[in-house]
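Listing of my_file_28.txt; format and content: compact mmCIF, C-alpha atoms.
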```txt
# COMPACT_ATOMS: atom_id res chain seq x y z
CA ASP A 1 10.78 4.83 -8.57
CA ALA A 2 10.15 5.67 -4.95
CA LYS A 3 11.02 9.27 -4.17
CA THR A 4 11.63 8.87 -0.47
CA THR A 5 14.45 7.78 1.80
CA GLN A 6 13.82 6.22 5.19
CA PRO A 7 16.00 4.47 7.76
CA THR A 8 15.84 0.72 7.46
CA SER A 9 14.90 0.08 11.06
CA MET A 10 14.22 1.77 14.38
CA ASP A 11 13.50 0.71 17.93
CA CYS A 12 11.22 2.41 20.43
CA ALA A 13 10.31 1.66 24.02
CA GLU A 14 6.66 1.07 24.75
CA GLY A 15 4.95 4.24 25.94
CA ARG A 16 7.53 6.53 24.43
CA ALA A 17 7.10 8.62 21.31
CA ALA A 18 8.28 7.06 18.06
CA ASN A 19 9.65 9.59 15.58
CA LEU A 20 10.06 8.21 12.07
CA PRO A 21 11.92 10.44 9.61
CA CYS A 22 11.53 10.58 5.85
CA ASN A 23 13.48 12.49 3.24
CA HIS A 24 11.74 13.56 0.05
CA SER A 25 14.03 16.24 -1.32
CA THR A 26 12.65 16.04 -4.87
CA ILE A 27 9.01 16.49 -3.87
CA SER A 28 7.08 18.74 -6.23
CA GLY A 29 4.62 21.44 -5.25
CA ASN A 30 1.47 19.42 -5.79
CA GLU A 31 2.62 16.20 -4.19
CA TYR A 32 1.39 15.15 -0.79
CA VAL A 33 3.26 13.12 1.80
CA TYR A 34 1.46 9.92 2.77
CA TRP A 35 2.25 7.49 5.54
CA TYR A 36 1.10 3.90 5.59
CA ARG A 37 2.11 1.02 7.80
CA GLN A 38 2.04 -2.71 7.27
CA ILE A 39 1.76 -5.16 10.09
CA HIS A 40 3.09 -8.59 9.25
CA SER A 41 1.04 -10.46 6.62
CA GLN A 42 -1.62 -7.77 6.38
CA GLY A 43 -2.44 -5.10 3.82
CA PRO A 44 -1.03 -1.60 4.38
CA GLN A 45 -3.00 0.66 6.69
CA TYR A 46 -3.41 4.36 5.99
CA ILE A 47 -2.07 6.56 8.80
CA ILE A 48 -1.99 10.19 7.75
CA HIS A 49 -1.14 12.53 4.91
CA GLY A 50 -0.31 16.20 4.44
CA LEU A 51 0.75 18.82 1.94
CA LYS A 52 2.68 21.46 3.88
CA ASN A 53 0.94 22.04 7.18
CA ASN A 54 1.45 19.79 10.14
CA GLU A 55 -1.35 17.30 10.56
CA THR A 56 -2.67 15.31 13.49
CA ASN A 57 -5.25 12.58 13.77
CA GLU A 58 -6.14 9.88 16.27
CA MET A 59 -3.23 7.72 15.16
CA ALA A 60 -0.31 10.07 14.65
CA SER A 61 1.09 13.49 13.90
CA LEU A 62 2.86 14.49 10.72
CA ILE A 63 5.46 17.24 10.81
CA ILE A 64 6.56 18.57 7.43
CA THR A 65 9.53 20.92 7.20
CA GLU A 66 8.99 24.35 5.74
CA ASP A 67 10.92 23.50 2.58
CA ARG A 68 8.92 20.23 2.36
CA LYS A 69 12.07 18.22 1.75
CA SER A 70 11.56 16.04 4.78
CA SER A 71 8.92 14.99 7.25
CA THR A 72 8.53 13.10 10.52
CA LEU A 73 5.77 10.78 11.56
CA ILE A 74 5.19 10.83 15.29
CA LEU A 75 3.43 8.08 17.21
CA PRO A 76 2.99 9.85 20.55
CA HIS A 77 2.75 6.80 22.81
CA ALA A 78 4.00 3.71 21.01
CA THR A 79 2.50 0.35 21.92
CA LEU A 80 3.60 -3.15 21.03
CA ARG A 81 0.87 -3.22 18.39
CA ASP A 82 2.61 -0.38 16.58
CA THR A 83 5.40 -2.75 15.57
CA ALA A 84 5.23 -2.67 11.78
CA VAL A 85 6.91 -1.45 8.61
CA TYR A 86 6.16 2.22 8.04
CA TYR A 87 6.14 3.60 4.52
CA CYS A 88 6.50 7.24 3.56
CA ILE A 89 5.21 7.95 0.04
CA VAL A 90 4.87 11.12 -2.01
CA SER A 91 1.98 11.25 -4.42
CA ARG A 92 -0.63 13.47 -5.99
CA PRO A 93 -4.16 12.68 -4.73
CA ASN A 94 -6.58 11.27 -7.27
CA THR A 95 -3.81 11.22 -9.84
CA ASP A 96 -0.89 9.07 -8.97
CA LYS A 97 -0.34 5.50 -8.04
CA LEU A 98 1.45 4.82 -4.75
CA ILE A 99 4.99 3.58 -5.19
CA PHE A 100 6.34 1.91 -2.07
CA GLY A 101 9.96 2.17 -1.03
CA THR A 102 11.63 -0.09 1.47
CA GLY A 103 10.10 1.60 4.53
CA THR A 104 11.23 1.65 8.16
CA ARG A 105 10.79 -1.41 10.29
CA LEU A 106 9.74 -0.11 13.71
CA GLN A 107 10.16 -2.47 16.62
CA VAL A 108 8.43 -1.43 19.83
CA PHE A 109 9.83 -3.25 22.85
CA PRO A 110 8.42 -3.62 26.38
CA GLY B 1 -13.70 4.15 7.64
CA ALA B 2 -13.46 2.79 4.15
CA VAL B 3 -13.04 -0.94 3.76
CA VAL B 4 -11.58 -2.93 0.95
CA SER B 5 -11.99 -6.68 0.96
CA GLN B 6 -10.22 -9.46 -0.88
CA HIS B 7 -11.26 -13.02 -1.55
CA PRO B 8 -9.88 -15.53 -0.98
CA SER B 9 -7.50 -14.70 1.83
CA ARG B 10 -5.29 -17.62 0.91
CA VAL B 11 -5.27 -20.16 -1.88
CA ILE B 12 -3.17 -23.17 -2.73
CA CYS B 13 -3.25 -24.45 -6.27
CA LYS B 14 -1.44 -26.85 -8.56
CA SER B 15 1.02 -25.67 -11.15
CA GLY B 16 -0.69 -24.92 -14.46
CA THR B 17 -4.06 -23.93 -13.04
CA SER B 18 -5.54 -20.43 -13.00
CA VAL B 19 -6.51 -18.56 -9.87
CA LYS B 20 -8.89 -15.62 -9.56
CA ILE B 21 -8.61 -13.07 -6.77
CA GLU B 22 -11.38 -10.58 -6.08
CA CYS B 23 -11.03 -7.07 -4.70
CA ARG B 24 -14.08 -5.15 -3.53
CA SER B 25 -14.56 -1.64 -2.21
CA LEU B 26 -17.32 -1.95 0.38
CA ASP B 27 -18.44 1.60 1.11
CA PHE B 28 -17.31 3.70 -1.81
CA GLN B 29 -17.19 3.45 -5.56
CA ALA B 30 -13.74 3.16 -7.03
CA THR B 31 -13.04 3.95 -10.64
CA THR B 32 -9.43 3.03 -10.04
CA MET B 33 -8.00 0.06 -8.20
CA PHE B 34 -4.43 -1.14 -7.97
CA TRP B 35 -2.84 -4.56 -7.72
CA TYR B 36 0.42 -5.20 -5.90
CA ARG B 37 2.49 -8.26 -5.13
CA GLN B 38 4.84 -8.70 -2.24
CA PHE B 39 7.54 -11.30 -1.72
CA PRO B 40 8.71 -12.24 1.77
CA LYS B 41 10.59 -9.46 3.54
CA LYS B 42 10.23 -7.21 0.51
CA SER B 43 8.22 -4.11 -0.18
CA LEU B 44 5.04 -3.94 -2.22
CA MET B 45 5.54 -3.89 -5.95
CA LEU B 46 2.85 -2.28 -8.08
CA MET B 47 1.72 -4.64 -10.83
CA ALA B 48 -1.07 -2.76 -12.57
CA THR B 49 -3.71 -0.09 -12.40
CA SER B 50 -7.25 -1.33 -12.90
CA ASN B 51 -9.62 1.14 -14.53
CA GLU B 52 -13.38 0.61 -14.45
CA GLY B 53 -14.73 0.05 -17.91
CA SER B 54 -11.39 0.09 -19.68
CA LYS B 55 -8.20 -1.89 -19.99
CA ALA B 56 -5.76 -2.15 -17.13
CA THR B 57 -2.43 -0.40 -17.26
CA TYR B 58 0.47 -2.70 -16.45
CA GLU B 59 3.81 -1.74 -14.95
CA GLN B 60 6.94 -2.49 -16.87
CA GLY B 61 7.92 -6.12 -16.69
CA VAL B 62 4.47 -7.39 -15.69
CA GLU B 63 2.96 -9.77 -18.25
CA LYS B 64 -0.58 -8.73 -19.04
CA ASP B 65 -1.45 -12.14 -20.49
CA LYS B 66 -0.23 -13.78 -17.32
CA PHE B 67 -2.04 -11.49 -14.90
CA LEU B 68 -5.49 -10.75 -16.28
CA ILE B 69 -7.33 -7.85 -14.70
CA ASN B 70 -11.01 -7.10 -15.04
CA HIS B 71 -12.71 -4.08 -13.47
CA ALA B 72 -16.30 -4.64 -14.48
CA SER B 73 -17.99 -2.51 -11.85
CA LEU B 74 -17.24 0.42 -9.58
CA THR B 75 -16.81 -1.88 -6.60
CA LEU B 76 -15.08 -4.94 -8.00
CA SER B 77 -11.78 -5.70 -9.67
CA THR B 78 -10.45 -9.19 -10.28
CA LEU B 79 -6.93 -10.47 -10.85
CA THR B 80 -6.53 -13.83 -12.54
CA VAL B 81 -3.15 -15.51 -12.40
CA THR B 82 -3.17 -17.75 -15.46
CA SER B 83 -1.21 -20.98 -15.74
CA ALA B 84 0.28 -20.43 -12.32
CA HIS B 85 3.79 -21.61 -11.53
CA PRO B 86 5.60 -21.88 -8.20
CA GLU B 87 7.40 -18.59 -8.86
CA ASP B 88 4.00 -16.87 -8.87
CA SER B 89 3.61 -17.75 -5.21
CA SER B 90 3.36 -14.44 -3.44
CA PHE B 91 1.19 -12.12 -1.37
CA TYR B 92 -1.18 -10.22 -3.66
CA ILE B 93 -2.70 -7.00 -2.36
CA CYS B 94 -5.22 -4.69 -3.95
CA SER B 95 -6.07 -1.12 -3.16
CA ALA B 96 -8.90 1.18 -4.13
CA ARG B 97 -8.86 4.94 -4.32
CA ASP B 98 -11.76 6.74 -2.67
CA PRO B 99 -12.48 9.57 -5.14
CA LEU B 100 -14.04 11.78 -2.48
CA ARG B 101 -11.21 11.59 0.01
CA GLY B 102 -8.36 10.96 -2.40
CA GLU B 103 -6.94 8.27 -0.17
CA GLN B 104 -6.11 4.72 -1.16
CA PHE B 105 -7.32 1.92 1.06
CA PHE B 106 -5.78 -1.50 0.93
CA GLY B 107 -7.27 -4.94 1.10
CA PRO B 108 -6.02 -7.54 3.58
CA GLY B 109 -4.12 -9.43 0.89
CA THR B 110 -4.31 -12.88 -0.67
CA ARG B 111 -1.55 -15.38 -0.13
CA LEU B 112 -1.09 -17.57 -3.18
CA THR B 113 0.89 -20.77 -2.99
CA VAL B 114 1.49 -22.69 -6.20
CA LEU B 115 2.63 -26.27 -5.76
```
Rewrite the structure of this file - the entire thing - as structure tokens.
Amino acid sequence: DAKTTQPTSMDCAEGRAANLPCNHSTISGNEYVYWYRQIHSQGPQYIIHGLKNNETNEMASLIITEDRKSSTLILPHATLRDTAVYYCIVSRPNTDKLIFGTGTRLQVFP
Amino acid sequence: GAVVSQHPSRVICKSGTSVKIECRSLDFQATTMFWYRQFPKKSLMLMATSNEGSKATYEQGVEKDKFLINHASLTLSTLTVTSAHPEDSSFYICSARDPLRGEQFFGPGTRLTVL
């Protein structure tokens, strides 16, 4: 079963930061937090992952709380092309399969 | 970045026929690949784990004789939907784990329509 809870949907104005929350209160010490997104009728796209430190790459930033029970994916300047379903998944690298929950449907509007 | 391809991207077949879908990792070797299916407006559902050189591991409720998986090389896994029926119509997606980076990369998906 998926071990994460995400809001069903969110809206964001183009150019503004999109902050997508995820709860993973049962995460274990060796599990990472992964974020993927799926644009309509395409395969999921990897965004970012982290263990306990905050992470940033060219796509997004990942903020993980100190107790690791929740995290936030930040798209700093959302564009219309960021409209997608965003999935937060906890998993152990090289060990576990990825189990997808229902995700958050992010709608970026002009 | 890593690329995973699938072929075909879409296929339409008659009920009772078998359909083979290929999944390839293009710039890394993958000992493990995964197959998912996705119904409209639903999340991805893991069907099976494909292991190079050994039998696939199927998730509960997935018929292994219905969905045949072969992982004959480190860059190719195939899913064959046998005796397809209209209820098998779905979006099938594969992923491959890059052993060096630990990340899974997904293919673009194959849309199967069974008439």
Determine the nearest neighbour of A:Leu98 from the options B:Thr82, B:Leu46, B:Ala72, B:Gly102, counting all atoms listed in the file.
B:Leu46
Could you please give me, as a PyMOL selection string, the residues of protein, DNA or RNA lying at most 8 Å from (-10.1, -7.5, -9.1) in the coordinate frame of the file, considering only C-alpha atoms?
chain B and resi 21-24+33+35+50+69-71+76-79+94
Could you dump the residues just selected with C-alpha atoms as a JSON list (two decimals), in the coordinates of the input?
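Written file, out_1.json:
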```
[["chain", "number", "residue", "atom", "x", "y", "z"],
["B", 21, "ILE", "CA", -8.61, -13.07, -6.77],
["B", 22, "GLU", "CA", -11.38, -10.58, -6.08],
["B", 23, "CYS", "CA", -11.03, -7.07, -4.70],
["B", 24, "ARG", "CA", -14.08, -5.15, -3.53],
["B", 33, "MET", "CA", -8.00, 0.06, -8.20],
["B", 35, "TRP", "CA", -2.84, -4.56, -7.72],
["B", 50, "SER", "CA", -7.25, -1.33, -12.90],
["B", 69, "ILE", "CA", -7.33, -7.85, -14.70],
["B", 70, "ASN", "CA", -11.01, -7.10, -15.04],
["B", 71, "HIS", "CA", -12.71, -4.08, -13.47],
["B", 76, "LEU", "CA", -15.08, -4.94, -8.00],
["B", 77, "SER", "CA", -11.78, -5.70, -9.67],
["B", 78, "THR", "CA", -10.45, -9.19, -10.28],
["B", 79, "LEU", "CA", -6.93, -10.47, -10.85],
["B", 94, "CYS", "CA", -5.22, -4.69, -3.95]]
```
So that each row is one residue of chain A with an atom at most 9 Å from chain B, can you give its shortest atom pair and the distance in Å to one decimal, using all atoms listed in the file, rows by chain and rising number, as a Markdown table?
```
| residue | atom | partner | partner_atom | distance |
| --- | --- | --- | --- | --- |
| A:Ser41 | CA | B:Gly109 | CA | 7.8 |
| A:Gln42 | CA | B:Pro108 | CA | 5.2 |
| A:Gly43 | CA | B:Pro108 | CA | 4.3 |
| A:Pro44 | CA | B:Phe106 | CA | 5.9 |
| A:Gln45 | CA | B:Phe106 | CA | 6.8 |
| A:Tyr46 | CA | B:Phe105 | CA | 6.7 |
| A:His49 | CA | B:Glu103 | CA | 8.8 |
| A:Arg92 | CA | B:Gly102 | CA | 8.9 |
| A:Pro93 | CA | B:Gly102 | CA | 5.1 |
| A:Asn94 | CA | B:Gly102 | CA | 5.2 |
| A:Thr95 | CA | B:Gly102 | CA | 8.7 |
| A:Lys97 | CA | B:Phe34 | CA | 7.8 |
| A:Leu98 | CA | B:Leu46 | CA | 8.0 |
| A:Ile99 | CA | B:Leu46 | CA | 6.9 |
| A:Phe100 | CA | B:Leu44 | CA | 6.0 |
| A:Gly101 | CA | B:Ser43 | CA | 6.6 |
| A:Thr102 | CA | B:Ser43 | CA | 5.5 |
| A:Gly103 | CA | B:Ser43 | CA | 7.6 |
```
Between atom CA of A:Tyr36 and atom CA of A:Thr65, what is the distance in Å, rounded to a tenth?
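Distance between the two atoms: 19.1 Å.
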Separation of atom CA of A:Asn57 from atom CA of A:Thr72, in Å and rounded to one decimal:
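Going from atom CA of A:Asn57 over to atom CA of A:Thr72, I get 14.2 Å.
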